[in-house]
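Note sheet for the following structure.
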Amino acid sequence: MVQLIALGSLKTAASTEEMRTALQSSGGCSSSSCGSSEGPADLPPEVWNKVKDHPCYSEEAHHYFARMHVAVAPACNIQCNYCNRKYDCANESRPGVVSEKLTPEQALRKVTAVANEVPQLSVLGIAGPGDACYDWRKTRETFDLVARAIPDIKLCLSTNGLALPDHVAEIADMNIDHVTVTINMVDPEVGTGIYPWIFFRNRRWTGLDAAKILHERQMEGLEMLTARNILVKVNSVMIPGINDEHLIEVNRVVKSKGAFLHNIMPLISDPAHGTHFGLTGQRGPRAMELKALQDKLSDGTKLMRHCRQCRADAVGLLGEDRGQEFTMDHVPEVVAYDPEKRQTYRSIVAEERGEHLANRQDASRRLAAVDAAESVLVAIATKGGGRINQHFGHAKEFQVYEASRDGVTFIGHRKVDQYCQGGWGEDATLDGVIEALEGVRVVLCAKIGDCPKDSLSAAGIAATDDYAHDWIEAGIAAWYEATFGTAIESLTA
Ligand code: SF4
Ligand code: SF4
């Protein structure tokens, strides 16, 4: 039995053995066949080498590796109806959040401090506020400084695409092999409902003209990137009634132009954010609406389902944010890069991946042996480590998997308010959790009390702690066997 140590213990792990133990509680594989979770057996070696340490481009990698964003390029050349410029760029990040803006020199100090402290760090991204390609001088200067000081970090940027074609040659020269382009439409008529104006070639464009120019520049940039074998993730914000059905066509087009991954992000719309959509009452999609759209795209370009819509100054594993530990008032004036922790961590991860792969394969074989046709959604309470290891009442998000005889597939996450408030739970919070778990058949967690269990049951959702501390896939397979078929011995036992 693997020792269970808090996720945070990697922060202080000093020796190889401590780091290995901490990793076993904080970062294991936990999905099988989500499009973005493909492994070395499913991808050409040159592509696998690019994505295997990138937490956003590989669902599997996001259990091991961390990203950080630096907000160095605040100027923007378009207006999106879901954005208020007081906040971060909602094309990649969480709307309504203000990030700490940095100069390129400050960014270098911060990245160095994080690289020394967070062994999982593998990627530096520039993802707003503003547009990394429009505010290019600052983007370029930041990446140049960091690439010289920390040569083994991946560089990654996000853009609305309008200025992208002007910089693709430099992007390729700088070895930036991951670029995210937000593409919300391939029909400019649809674009008129999303973009009130753009600023291009020294003048402001509005209406259909603006949407046409933006569309043409996005397509040109996408083609230029893929022609240079740069991996492109396309982000699309799903806006019910405006582009939700149209995203099927967006998926078809970006796939035909070579995009590597398509990330459908739900619109987050709140009047308090002061955006056009927030103020006009435009709603975002429900979790099941998002899933229904993703399912329609399942044989299109590979889908990213594990995006957390992070802050533009996020630090850490996806789903956790250690940004507040690394604000500039915590970063030393002078900091030298020490690669040792990161190198040690990487060698441990290389070993761990083999064990986790075997576990997933075992779960798949067990499910395939069950004589049942049911396909069900299972919600997992987890602190990380690929295990069912969190109390129901402590969860701030549930990871949702689809289980059937075909295997266990990561579907996405559902954010919730924490139910347990230090010994007691609020009914209103529980109602919100139940609403967030729409479509889920069972919750697997480390512990659950009778009261929330009964309320979930009344809403048609089972909950159990019978599989506490199991690997996620193993727990799901065991529950599926117990519910729909006859359990068999683990094939790797
Ligand atoms: S590109 Fe980003 S920063 Fe610019 S308006 Fe759109 S969401 Fe806002
Ligand atoms: S916003 Fe999504 S794609 Fe960007 S770093 Fe976070 S998880 Fe990755």
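Residue numbering restarts at 1 in every chain; chains get A, B, ... in the order shown in the structure tokens, and ligands count up from 1 in that same order.
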Can you list every residue of chain A that has an atom at most 8 Å from ligand 1, with its nearest atom pair and the distance in Å to one decimal, using only C-alpha atoms and all ligand atoms, ordered by chain then number, as CSV?
residue,atom,partner,partner_atom_place_in_ligand_line,distance
A:Pro74,CA,ligand 1,3 (S),7.5
A:Ala75,CA,ligand 1,3 (S),7.6
A:Cys76,CA,ligand 1,4 (Fe),4.8
A:Asn77,CA,ligand 1,4 (Fe),6.4
A:Ile78,CA,ligand 1,5 (S),5.2
A:Gln79,CA,ligand 1,5 (S),3.8
A:Cys80,CA,ligand 1,6 (Fe),4.3
A:Asn81,CA,ligand 1,5 (S),7.5
A:Tyr82,CA,ligand 1,7 (S),6.6
A:Cys83,CA,ligand 1,8 (Fe),4.5
A:Asn84,CA,ligand 1,8 (Fe),6.3
A:Arg85,CA,ligand 1,8 (Fe),5.7
A:Tyr87,CA,ligand 1,8 (Fe),7.9
A:Asp88,CA,ligand 1,3 (S),6.3
A:Cys89,CA,ligand 1,2 (Fe),3.6
A:Ala90,CA,ligand 1,7 (S),4.1
A:Asn91,CA,ligand 1,7 (S),4.6
A:Glu92,CA,ligand 1,2 (Fe),7.5
A:Gly128,CA,ligand 1,3 (S),6.2
A:Pro129,CA,ligand 1,3 (S),5.2
A:Gly130,CA,ligand 1,3 (S),3.9
A:Asp131,CA,ligand 1,1 (S),5.8
A:Thr159,CA,ligand 1,1 (S),6.9
A:Asn160,CA,ligand 1,1 (S),5.1
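For ligand 2, the protein and nucleic acid residues at most 6 Å away, judged by only C-alpha atoms and all ligand atoms, amount to Cys56, Glu92, Ser93, Cys307, Arg308, Gln309, Cys310 and Leu318 of chain A.
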- Item | Residues near Glu105 in chain A, cut-off 12 Å, only C-alpha atoms, skip fewer than 2 positions along chain, as a ChimeraX atom specification | /A:70,72,101-103,107-112,138-146,149,328,333-335
For range 403-414 of chain A: contacts at 9 Å, only C-alpha atoms, fewer than 4 positions along chain excluded, given as an mmCIF file with C-alpha atoms, in the first residue's frame:
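And here's result.cif as it stands now:
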data_model
loop_
_atom_site.group_PDB
_atom_site.id
_atom_site.type_symbol
_atom_site.label_atom_id
_atom_site.label_comp_id
_atom_site.auth_asym_id
_atom_site.auth_seq_id
_atom_site.Cartn_x
_atom_site.Cartn_y
_atom_site.Cartn_z
ATOM 1 C CA SER A 30 -6.084 8.711 -13.776
ATOM 2 C CA SER A 31 -7.675 8.333 -17.134
ATOM 3 C CA SER A 32 -7.450 6.177 -20.152
ATOM 4 C CA SER A 33 -8.874 7.216 -23.441
ATOM 5 C CA CYS A 34 -9.664 10.930 -23.409
ATOM 6 C CA SER A 37 -4.551 11.526 -22.731
ATOM 7 C CA GLU A 59 -4.243 14.731 -19.862
ATOM 8 C CA ALA A 287 -22.050 20.894 -17.458
ATOM 9 C CA LYS A 291 -20.525 17.275 -22.300
ATOM 10 C CA MET A 304 -9.011 18.755 -24.062
ATOM 11 C CA ARG A 305 -11.373 18.042 -21.192
ATOM 12 C CA HIS A 306 -9.135 18.863 -18.241
ATOM 13 C CA CYS A 307 -8.767 22.639 -18.684
ATOM 14 C CA ARG A 308 -9.279 24.523 -15.399
ATOM 15 C CA ARG A 360 -4.967 1.487 -16.111
ATOM 16 C CA ALA A 363 -8.791 -1.767 -14.956
ATOM 17 C CA SER A 364 -9.636 -1.840 -18.671
ATOM 18 C CA ARG A 365 -9.347 -5.611 -18.800
ATOM 19 C CA ARG A 366 -11.565 -5.984 -15.748
ATOM 20 C CA LEU A 367 -14.247 -3.748 -17.239
ATOM 21 C CA ALA A 368 -14.159 -5.533 -20.577
ATOM 22 C CA ALA A 369 -14.897 -8.786 -18.737
ATOM 23 C CA VAL A 370 -18.153 -7.478 -17.216
ATOM 24 C CA ASP A 371 -21.248 -8.583 -19.090
ATOM 25 C CA ALA A 372 -23.111 -5.261 -18.990
ATOM 26 C CA ALA A 373 -24.126 -2.540 -21.442
ATOM 27 C CA GLU A 374 -24.330 0.393 -19.021
ATOM 28 C CA SER A 375 -22.298 3.531 -19.579
ATOM 29 C CA VAL A 376 -22.324 5.670 -16.433
ATOM 30 C CA LEU A 377 -20.736 8.823 -15.052
ATOM 31 C CA VAL A 378 -18.690 8.418 -11.893
ATOM 32 C CA ALA A 379 -17.562 11.414 -9.797
ATOM 33 C CA LYS A 396 -13.883 21.723 -4.157
ATOM 34 C CA GLU A 397 -14.132 19.851 -7.423
ATOM 35 C CA PHE A 398 -15.040 16.340 -8.509
ATOM 36 C CA GLN A 399 -13.295 14.599 -11.380
ATOM 37 C CA VAL A 433 -23.164 20.130 -5.108
ATOM 38 C CA ALA A 436 -23.229 20.298 -10.138
ATOM 39 C CA LEU A 437 -23.303 16.492 -10.202
ATOM 40 C CA GLU A 473 -9.476 3.323 -12.357
ATOM 41 C CA ILE A 476 -14.290 2.540 -10.714
ATOM 42 C CA ALA A 477 -13.723 -0.916 -12.200
ATOM 43 C CA TYR A 480 -18.770 -1.289 -11.910
#
- Mind checking DSSP for range 128-335 of chain A and telling me the alpha helix (DSSP H) residues as number ranges by chain? A: 136-149, 168-173, 188-191, 207-227, 247-256, 276-280, 287-296
For those residues, write C-alpha atoms to a file as a CSV table (one decimal), in the first residue's frame.
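Written file, out-v4.csv:
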chain,number,residue,atom,x,y,z
A,136,TRP,CA,4.9,41.1,-28.8
A,137,ARG,CA,8.0,43.0,-27.6
A,138,LYS,CA,7.3,42.1,-24.0
A,139,THR,CA,6.4,38.5,-24.9
A,140,ARG,CA,9.6,38.0,-26.9
A,141,GLU,CA,11.8,39.7,-24.3
A,142,THR,CA,10.4,37.5,-21.5
A,143,PHE,CA,10.9,34.3,-23.4
A,144,ASP,CA,14.4,35.2,-24.5
A,145,LEU,CA,15.4,35.9,-20.9
A,146,VAL,CA,13.9,32.7,-19.6
A,147,ALA,CA,15.2,30.5,-22.4
A,148,ARG,CA,18.7,31.6,-21.7
A,149,ALA,CA,18.5,31.1,-17.9
A,168,VAL,CA,5.0,32.8,-36.6
A,169,ALA,CA,8.5,32.8,-38.1
A,170,GLU,CA,9.9,34.2,-34.8
A,171,ILE,CA,7.8,31.8,-32.8
A,172,ALA,CA,9.4,28.9,-34.7
A,173,ASP,CA,12.9,30.4,-34.3
A,188,PRO,CA,-18.0,35.9,-39.6
A,189,GLU,CA,-21.8,36.3,-39.2
A,190,VAL,CA,-21.5,34.3,-35.9
A,191,GLY,CA,-18.5,36.4,-35.1
A,207,GLY,CA,-19.3,44.5,-37.4
A,208,LEU,CA,-19.0,42.0,-40.2
A,209,ASP,CA,-15.7,43.6,-41.5
A,210,ALA,CA,-14.1,43.0,-38.1
A,211,ALA,CA,-15.2,39.4,-37.8
A,212,LYS,CA,-14.1,38.7,-41.4
A,213,ILE,CA,-10.6,40.0,-40.8
A,214,LEU,CA,-10.3,38.2,-37.5
A,215,HIS,CA,-11.4,34.9,-39.1
A,216,GLU,CA,-9.0,35.2,-42.0
A,217,ARG,CA,-6.1,36.0,-39.7
A,218,GLN,CA,-6.9,33.2,-37.4
A,219,MET,CA,-7.0,30.7,-40.3
A,220,GLU,CA,-3.8,32.0,-41.8
A,221,GLY,CA,-2.0,31.8,-38.4
A,222,LEU,CA,-3.2,28.3,-37.7
A,223,GLU,CA,-2.0,27.1,-41.1
A,224,MET,CA,1.4,28.8,-40.7
A,225,LEU,CA,1.9,27.2,-37.3
A,226,THR,CA,0.9,23.6,-38.3
A,227,ALA,CA,3.1,23.9,-41.5
A,247,LEU,CA,-18.6,24.8,-32.7
A,248,ILE,CA,-19.2,21.5,-34.5
A,249,GLU,CA,-18.2,23.3,-37.7
A,250,VAL,CA,-15.3,25.1,-35.9
A,251,ASN,CA,-14.1,21.6,-34.8
A,252,ARG,CA,-14.3,20.3,-38.4
A,253,VAL,CA,-12.4,23.2,-39.8
A,254,VAL,CA,-9.6,23.4,-37.3
A,255,LYS,CA,-9.1,19.7,-37.5
A,256,SER,CA,-8.8,19.9,-41.3
A,276,HIS,CA,-21.2,42.7,-22.2
A,277,PHE,CA,-22.5,39.1,-21.8
A,278,GLY,CA,-22.6,39.4,-18.0
A,279,LEU,CA,-24.6,42.6,-18.2
A,280,THR,CA,-27.0,41.4,-20.8
A,287,ALA,CA,-22.1,20.9,-17.5
A,288,MET,CA,-24.2,18.4,-19.3
A,289,GLU,CA,-24.7,20.8,-22.3
A,290,LEU,CA,-20.9,21.0,-22.5
A,291,LYS,CA,-20.5,17.3,-22.3
A,292,ALA,CA,-23.2,16.8,-25.0
A,293,LEU,CA,-21.3,19.0,-27.3
A,294,GLN,CA,-18.0,17.4,-26.5
A,295,ASP,CA,-19.5,14.0,-27.2
A,296,LYS,CA,-20.6,15.2,-30.6
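With only C-alpha atoms as the atoms that count, the residue of A:Glu100, A:Asp465, A:Asp177, A:Glu352 with the shortest distance to Lys50 in chain A is A:Asp177.
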- Message: Quick one: residues within 9 Å of Phe260 in chain A, only C-alpha atoms, excluding same-chain residues fewer than 4 positions away - as an MDAnalysis selection string?
- Response: chainID A and resid 57 226 231:234 254:255 301:303
- Task: Just the strand (DSSP E) stuff from range 230-425 of chain A, please, per backbone DSSP, written as a VMD selection string.
- Result: chain A and resid 231 to 238 261 to 266 315 to 316 376 to 380 397 to 404 407 to 415
